[in-house]
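Colleague: Input coords.pdb, format and content: PDB, C-alpha atoms.
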ATOM      1  CA  MET A   1     166.449  86.653 220.187  1.00  0.00           C
ATOM      2  CA  GLN A   2     169.428  87.606 222.320  1.00  0.00           C
ATOM      3  CA  THR A   3     172.351  89.590 220.949  1.00  0.00           C
ATOM      4  CA  VAL A   4     175.535  89.042 222.932  1.00  0.00           C
ATOM      5  CA  PRO A   5     179.048  90.447 222.445  1.00  0.00           C
ATOM      6  CA  ILE A   6     181.668  87.760 221.977  1.00  0.00           C
ATOM      7  CA  HIS A   7     183.460  88.458 225.274  1.00  0.00           C
ATOM      8  CA  GLN A   8     180.195  87.965 227.195  1.00  0.00           C
ATOM      9  CA  ALA A   9     179.345  84.878 225.147  1.00  0.00           C
ATOM     10  CA  LYS A  10     182.585  83.227 226.264  1.00  0.00           C
ATOM     11  CA  ASP A  11     181.753  83.929 229.904  1.00  0.00           C
ATOM     12  CA  ARG A  12     178.088  82.839 229.631  1.00  0.00           C
ATOM     13  CA  PHE A  13     178.328  80.044 227.090  1.00  0.00           C
ATOM     14  CA  SER A  14     176.500  77.427 229.185  1.00  0.00           C
ATOM     15  CA  ALA A  15     173.656  79.820 229.947  1.00  0.00           C
ATOM     16  CA  LEU A  16     173.389  80.749 226.255  1.00  0.00           C
ATOM     17  CA  LEU A  17     173.196  77.086 225.280  1.00  0.00           C
ATOM     18  CA  GLN A  18     170.451  76.594 227.848  1.00  0.00           C
ATOM     19  CA  ALA A  19     168.508  79.468 226.271  1.00  0.00           C
ATOM     20  CA  VAL A  20     168.976  77.897 222.829  1.00  0.00           C
ATOM     21  CA  GLU A  21     167.695  74.561 224.137  1.00  0.00           C
ATOM     22  CA  GLU A  22     164.580  76.404 225.292  1.00  0.00           C
ATOM     23  CA  GLY A  23     164.008  77.694 221.749  1.00  0.00           C
ATOM     24  CA  GLU A  24     165.684  81.093 221.799  1.00  0.00           C
ATOM     25  CA  GLU A  25     168.098  82.296 219.106  1.00  0.00           C
ATOM     26  CA  VAL A  26     171.383  83.835 220.176  1.00  0.00           C
ATOM     27  CA  VAL A  27     173.386  86.171 217.947  1.00  0.00           C
ATOM     28  CA  ILE A  28     177.077  86.685 218.737  1.00  0.00           C
ATOM     29  CA  THR A  29     178.590  90.047 217.814  1.00  0.00           C
ATOM     30  CA  ARG A  30     182.106  91.430 217.539  1.00  0.00           C
ATOM     31  CA  HIS A  31     182.492  95.203 217.603  1.00  0.00           C
ATOM     32  CA  GLY A  32     178.733  95.496 217.043  1.00  0.00           C
ATOM     33  CA  LYS A  33     178.717  93.343 213.894  1.00  0.00           C
ATOM     34  CA  LYS A  34     176.875  90.016 213.805  1.00  0.00           C
ATOM     35  CA  ILE A  35     179.313  87.133 213.335  1.00  0.00           C
ATOM     36  CA  ALA A  36     177.376  84.016 214.378  1.00  0.00           C
ATOM     37  CA  ARG A  37     173.907  82.754 215.157  1.00  0.00           C
ATOM     38  CA  ILE A  38     173.217  79.873 217.535  1.00  0.00           C
ATOM     39  CA  VAL A  39     169.938  78.062 216.952  1.00  0.00           C
ATOM     40  CA  ARG A  40     168.453  74.836 218.247  1.00  0.00           C
ATOM     41  CA  GLU A  41     169.410  71.750 216.249  1.00  0.00           C
ATOM     42  CA  THR A  42     166.596  69.681 214.845  1.00  0.00           C
ATOM     43  CA  ASP A  43     166.892  65.952 214.330  1.00  0.00           C
ATOM     44  CA  ALA A  44     163.914  65.742 212.047  1.00  0.00           C
ATOM     45  CA  ALA A  45     164.724  64.420 208.596  1.00  0.00           C
ATOM     46  CA  PRO A  46     163.172  66.298 205.689  1.00  0.00           C
ATOM     47  CA  SER A  47     159.757  65.045 204.678  1.00  0.00           C
ATOM     48  CA  GLU A  48     159.354  63.053 201.478  1.00  0.00           C
ATOM     49  CA  ALA A  49     157.740  66.093 199.856  1.00  0.00           C
ATOM     50  CA  GLU A  50     160.711  68.278 200.849  1.00  0.00           C
ATOM     51  CA  ARG A  51     163.166  65.690 199.513  1.00  0.00           C
ATOM     52  CA  ALA A  52     161.233  65.559 196.226  1.00  0.00           C
ATOM     53  CA  ARG A  53     161.318  69.368 195.990  1.00  0.00           C
ATOM     54  CA  LEU A  54     165.083  69.385 196.620  1.00  0.00           C
ATOM     55  CA  ARG A  55     165.589  66.750 193.908  1.00  0.00           C
ATOM     56  CA  ARG A  56     163.503  68.775 191.438  1.00  0.00           C
ATOM     57  CA  ASP A  57     165.454  71.946 192.245  1.00  0.00           C
ATOM     58  CA  ALA A  58     168.779  70.150 191.762  1.00  0.00           C
ATOM     59  CA  LEU A  59     167.674  68.709 188.424  1.00  0.00           C
ATOM     60  CA  GLU A  60     166.441  72.123 187.262  1.00  0.00           C
ATOM     61  CA  ARG A  61     169.797  73.690 188.152  1.00  0.00           C
ATOM     62  CA  LEU A  62     171.603  70.866 186.338  1.00  0.00           C
ATOM     63  CA  ASP A  63     169.413  71.329 183.248  1.00  0.00           C
ATOM     64  CA  ALA A  64     170.051  75.090 183.291  1.00  0.00           C
ATOM     65  CA  PHE A  65     173.804  74.470 183.550  1.00  0.00           C
ATOM     66  CA  HIS A  66     173.666  71.955 180.708  1.00  0.00           C
ATOM     67  CA  ALA A  67     171.732  74.422 178.530  1.00  0.00           C
ATOM     68  CA  ARG A  68     174.489  77.030 178.983  1.00  0.00           C
ATOM     69  CA  MET A  69     177.217  74.629 177.823  1.00  0.00           C
ATOM     70  CA  THR A  70     178.024  74.619 174.128  1.00  0.00           C
ATOM     71  CA  PRO A  71     180.164  71.876 172.631  1.00  0.00           C
ATOM     72  CA  ASP A  72     183.445  72.769 170.953  1.00  0.00           C
ATOM     73  CA  ALA A  73     182.797  72.383 167.218  1.00  0.00           C
ATOM     74  CA  GLU A  74     186.467  71.564 166.559  1.00  0.00           C
ATOM     75  CA  TYR A  75     186.716  68.770 169.157  1.00  0.00           C
ATOM     76  CA  LYS A  76     187.501  65.292 167.838  1.00  0.00           C
ATOM     77  CA  PRO A  77     187.184  62.078 169.876  1.00  0.00           C
ATOM     78  CA  GLY A  78     190.969  61.646 170.259  1.00  0.00           C
ATOM     79  CA  ASP A  79     191.638  65.232 171.412  1.00  0.00           C
ATOM     80  CA  TRP A  80     191.317  64.408 175.110  1.00  0.00           C
ATOM     81  CA  LYS A  81     194.917  63.091 175.083  1.00  0.00           C
ATOM     82  CA  GLN A  82     196.152  66.438 173.781  1.00  0.00           C
ATOM     83  CA  TYR A  83     194.238  68.298 176.513  1.00  0.00           C
ATOM     84  CA  ARG A  84     195.575  65.883 179.130  1.00  0.00           C
ATOM     85  CA  ASP A  85     199.190  66.248 178.010  1.00  0.00           C
ATOM     86  CA  GLU A  86     199.048  70.003 177.500  1.00  0.00           C
ATOM     87  CA  GLY A  87     201.557  71.648 179.807  1.00  0.00           C
ATOM     88  CA  ARG A  88     203.338  68.406 180.688  1.00  0.00           C
ATOM     89  CA  LYS A  89     207.028  67.930 179.950  1.00  0.00           C
TER
END
As structure tokens, how would this structure be written, given the file I've shared?
Modeller:
Amino acid sequence: MQTVPIHQAKDRFSALLQAVEEGEEVVITRHGKKIARIVRETDAAPSEAERARLRRDALERLDAFHARMTPDAEYKPGDWKQYRDEGRK
């Protein structure tokens, strides 16, 4: 992994991209602090197993969110109009 200050990265951008193409990571810094990381792009689509895992994770997060929601006990089916018009003139 290369760490390069931003002013040098501007001057050597083509060479840095060549290094990334060859598999190296490049970290760009400003005043000694990391601000960006350049890594090689992959065109590979996620495997079916990875897609299934992502779907499961999303559904688990949705279920957890749903479990935290509690319905308003005072809500009546026609109240949505009141909520919609609230604050309108």
Colleague: Evaluate the PyMOL selection byres ((chain A and resi 27-35) around 12) here and jot the selected residues down as a PyMOL selection string.
Modeller: chain A and resi 1-10+12-13+16-17+19-20+24-26+36-39
Colleague: Please produce a file of those selected residues containing C-alpha atoms, as an mmCIF file, in the coordinates of the input.
Modeller:
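See out-v4.cif below for the written result:
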data_model
loop_
_atom_site.group_PDB
_atom_site.id
_atom_site.type_symbol
_atom_site.label_atom_id
_atom_site.label_comp_id
_atom_site.auth_asym_id
_atom_site.auth_seq_id
_atom_site.Cartn_x
_atom_site.Cartn_y
_atom_site.Cartn_z
ATOM 1 C CA MET A 1 166.449 86.653 220.187
ATOM 2 C CA GLN A 2 169.428 87.606 222.320
ATOM 3 C CA THR A 3 172.351 89.590 220.949
ATOM 4 C CA VAL A 4 175.535 89.042 222.932
ATOM 5 C CA PRO A 5 179.048 90.447 222.445
ATOM 6 C CA ILE A 6 181.668 87.760 221.977
ATOM 7 C CA HIS A 7 183.460 88.458 225.274
ATOM 8 C CA GLN A 8 180.195 87.965 227.195
ATOM 9 C CA ALA A 9 179.345 84.878 225.147
ATOM 10 C CA LYS A 10 182.585 83.227 226.264
ATOM 11 C CA ARG A 12 178.088 82.839 229.631
ATOM 12 C CA PHE A 13 178.328 80.044 227.090
ATOM 13 C CA LEU A 16 173.389 80.749 226.255
ATOM 14 C CA LEU A 17 173.196 77.086 225.280
ATOM 15 C CA ALA A 19 168.508 79.468 226.271
ATOM 16 C CA VAL A 20 168.976 77.897 222.829
ATOM 17 C CA GLU A 24 165.684 81.093 221.799
ATOM 18 C CA GLU A 25 168.098 82.296 219.106
ATOM 19 C CA VAL A 26 171.383 83.835 220.176
ATOM 20 C CA ALA A 36 177.376 84.016 214.378
ATOM 21 C CA ARG A 37 173.907 82.754 215.157
ATOM 22 C CA ILE A 38 173.217 79.873 217.535
ATOM 23 C CA VAL A 39 169.938 78.062 216.952
#
Colleague: Report, in Å with one decimal, the straight-line distance from CA of Tyr75 (chain A) to CA of Gly87 (chain A).
Modeller: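 Computed distance, CA of Tyr75 (chain A) to CA of Gly87 (chain A), equals 18.5 Å.
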Colleague: Which residue gives the smallest distance to Arg40 (chain A) among A:Ser14, A:Glu21, A:Thr70, A:Arg84, with all atoms listed in the file counted?
Modeller: A:Glu21
Colleague: So the first atom is CA of Asp43 (chain A) and the second is CA of Leu62 (chain A); what is the distance between them in Å, to one decimal place?
Modeller: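 Computing it gives 28.8 Å between the two atoms.
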Colleague: Can you tell me how far CA of Glu41 (chain A) sits from CA of Gly23 (chain A), in Å to one decimal?
Modeller: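 Interatomic distance, CA of Glu41 (chain A) to CA of Gly23 (chain A): 9.7 Å.
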